[in-house]
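**Q** Got a structure for you, written out below as structure tokens; questions coming shortly.
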Amino acid sequence: MVVNWLRNSPVAAWLLTLVRIYVGYQWLTSGWGKITGGFDAGGFLRAAIEKSGGEHPAVQGWWASFLESFALPGVGLFNVLVPWGEVLVGLGLVLGLLTWEAALFGMVMNFAFLFSGTVSTNPQLVLLQIFIVVAGYNAGRIGLDHYVTPFLRRRLGRNRDFGHLSGAR
């Protein structure tokens with residue numbers, strides 16, 4: 001019942017527009033601050049790895065191993081991916097362009113921050129992004145997805161499963 005309302009109701013579309021603009025603004029300003037203010041993920045990654053020790057670790061060992069063996073050696077890549085990823089997720093949500101995909105990638109980043117022991121606004125953003133993802137097309141109906149989704153459906157073919165673009169299951 002709630003899922004049907006989120007996916008089909010015009011009232012839900014308007015409420016989701018407010019939610020996605022709020023979430024998008026949070027992502028956009030965070031990413032832009034990193035781009036213009038200089039960003040180095042190295043300190044964040046080292047702090048997360050340190051949180052994996054002790055009697056009550058805030059970071060799981062498997063995640064700390066990933067950070068230590070992959071993320072920290074590739075910190076230069078993450079110094080680019082994180083701020084630009086945040087900006088692109090923010091733009092997608094604010095404009096309602098590829099809304100479902102933007103919310104999904106935003107959730108992936110939020111979970112990465114949570115896995116790294118940083119709570120901040122991440123749980124709130126994950127919760128709001130869940131509503132956007134569940135709503136599918138209706139979350140971006142009042143936005144550029146109104147124009148882009150029909151184009152993508154025509155271009156990519158109607159026989160493929162693009163349920164997330166229509167909100168259908």
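FYI, nothing fancy with the structure tokens labels: chains A, B, ... in order, residues from 1 per chain, ligands from 1 as they appear.
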I'd like a table as a tab-separated table: residues in stretch 98-159 of chain A with an atom no more than 12 Å from stretch 30-38 of chain A, each row giving the shortest atom pair and its distance in Å to one decimal, only C-alpha atoms counted, sorted by chain and rising residue number.
**A**
```
residue	atom	partner	partner_atom	distance
A:Gly106	CA	A:Gly31	CA	11.6
A:Met109	CA	A:Gly31	CA	11.8
A:Thr121	CA	A:Ser30	CA	11.5
```
**Q** Could you write out the selected residues, including C-alpha atoms, as a PDB file, in the first residue's frame?
**A**
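Wrote result32.pdb, looks like this:
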```
ATOM      1  CA  GLY A 106      24.315   8.267  -2.737  1.00  0.00           C
ATOM      2  CA  MET A 109      28.565   6.452  -0.431  1.00  0.00           C
ATOM      3  CA  THR A 121      23.930  12.752   8.796  1.00  0.00           C
TER       4      THR A 121
END
```
**Q** How close does each residue of stretch 45-118 of chain A get to stretch 16-29 of chain A, giving the shortest atom pair and distance in Å to one decimal for every residue with an atom at most 7 Å away, counting only C-alpha atoms, sorted by chain and residue number, as JSON lines?
**A**
```
{"residue": "A:Glu86", "atom": "CA", "partner": "A:Trp27", "partner_atom": "CA", "distance": 5.2}
{"residue": "A:Val87", "atom": "CA", "partner": "A:Leu28", "partner_atom": "CA", "distance": 4.6}
{"residue": "A:Val89", "atom": "CA", "partner": "A:Trp27", "partner_atom": "CA", "distance": 6.5}
{"residue": "A:Gly90", "atom": "CA", "partner": "A:Gly24", "partner_atom": "CA", "distance": 3.9}
{"residue": "A:Leu91", "atom": "CA", "partner": "A:Gly24", "partner_atom": "CA", "distance": 6.4}
{"residue": "A:Leu93", "atom": "CA", "partner": "A:Gly24", "partner_atom": "CA", "distance": 4.7}
{"residue": "A:Val94", "atom": "CA", "partner": "A:Ile21", "partner_atom": "CA", "distance": 4.5}
```
**Q** Contacts of stretch 53-59 of chain A at 7 Å or less, counting only C-alpha atoms, minus same-chain residues fewer than 5 places along, as an mmCIF file with N, CA and C atoms, in the first residue's frame?
**A**
```cif
data_model
loop_
_atom_site.group_PDB
_atom_site.id
_atom_site.type_symbol
_atom_site.label_atom_id
_atom_site.label_comp_id
_atom_site.auth_asym_id
_atom_site.auth_seq_id
_atom_site.Cartn_x
_atom_site.Cartn_y
_atom_site.Cartn_z
ATOM 1 N N ALA A 48 39.740 5.808 10.034
ATOM 2 C CA ALA A 48 38.810 4.679 9.969
ATOM 3 C C ALA A 48 39.531 3.367 10.260
ATOM 4 N N ALA A 64 38.186 -2.471 7.295
ATOM 5 C CA ALA A 64 39.498 -1.866 7.539
ATOM 6 C C ALA A 64 40.543 -2.487 6.613
ATOM 7 N N PHE A 115 30.316 2.552 7.292
ATOM 8 C CA PHE A 115 31.249 1.446 7.519
ATOM 9 C C PHE A 115 32.573 1.952 8.071
ATOM 10 N N SER A 116 32.917 3.196 7.730
ATOM 11 C CA SER A 116 34.181 3.786 8.168
ATOM 12 C C SER A 116 34.070 4.427 9.541
ATOM 13 N N GLY A 117 32.940 4.262 10.204
ATOM 14 C CA GLY A 117 32.791 4.737 11.575
ATOM 15 C C GLY A 117 32.315 6.163 11.708
#
```
**Q** Show me, as a ChimeraX atom specification, the residues that have an atom within 9 Å of A:Ala135 when counting only C-alpha atoms, minus same-chain residues fewer than 5 positions from it.
**A** /A:3-8,12-13,16,100,130,140,164,167
**Q** Write to file, as a short mmCIF file (atom, residue, chain, number, x, y, z; two decimals), in the first residue's frame, the residues of the selection just made, with N, CA and C atoms.
**A**
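Below is the file part.cif, written as the result:
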```
data_model
loop_
_atom_site.label_atom_id
_atom_site.label_comp_id
_atom_site.auth_asym_id
_atom_site.auth_seq_id
_atom_site.Cartn_x
_atom_site.Cartn_y
_atom_site.Cartn_z
N VAL A 3 4.09 1.42 -0.73
CA VAL A 3 4.93 1.38 -1.93
C VAL A 3 4.13 1.85 -3.14
N ASN A 4 2.91 1.39 -3.26
CA ASN A 4 2.04 1.81 -4.36
C ASN A 4 1.82 3.33 -4.32
N TRP A 5 1.59 3.86 -3.14
CA TRP A 5 1.41 5.30 -2.99
C TRP A 5 2.67 6.05 -3.40
N LEU A 6 3.84 5.59 -2.92
CA LEU A 6 5.10 6.24 -3.27
C LEU A 6 5.34 6.23 -4.77
N ARG A 7 4.96 5.15 -5.44
CA ARG A 7 5.26 4.99 -6.86
C ARG A 7 4.24 5.64 -7.79
N ASN A 8 3.02 5.92 -7.29
CA ASN A 8 1.97 6.35 -8.21
C ASN A 8 1.25 7.64 -7.83
N ALA A 12 2.59 12.16 -3.52
CA ALA A 12 3.90 11.58 -3.18
C ALA A 12 4.98 12.17 -4.09
N ALA A 13 4.68 12.38 -5.36
CA ALA A 13 5.66 12.95 -6.28
C ALA A 13 6.12 14.33 -5.80
N LEU A 16 8.17 13.82 -2.54
CA LEU A 16 9.47 13.26 -2.90
C LEU A 16 10.37 14.30 -3.57
N TRP A 100 16.73 7.85 -9.63
CA TRP A 100 16.87 6.55 -8.99
C TRP A 100 18.35 6.18 -8.86
N ILE A 130 16.19 5.83 0.65
CA ILE A 130 15.41 4.60 0.51
C ILE A 130 14.04 4.94 -0.07
N GLY A 140 11.30 11.29 -9.51
CA GLY A 140 11.86 12.26 -10.45
C GLY A 140 10.86 12.77 -11.45
N HIS A 164 12.90 0.17 -12.45
CA HIS A 164 13.24 1.30 -11.60
C HIS A 164 12.94 2.63 -12.28
N GLY A 167 8.96 2.72 -11.88
CA GLY A 167 8.41 2.50 -10.55
C GLY A 167 7.68 1.18 -10.48
#
```
**Q** Going by DSSP on the backbone, which bits of stretch 34-108 of chain A are alpha helix (DSSP H)? Write them as a PyMOL selection string, please.
**A** chain A and resi 34-37+42-50+61-66+75-95+99-108
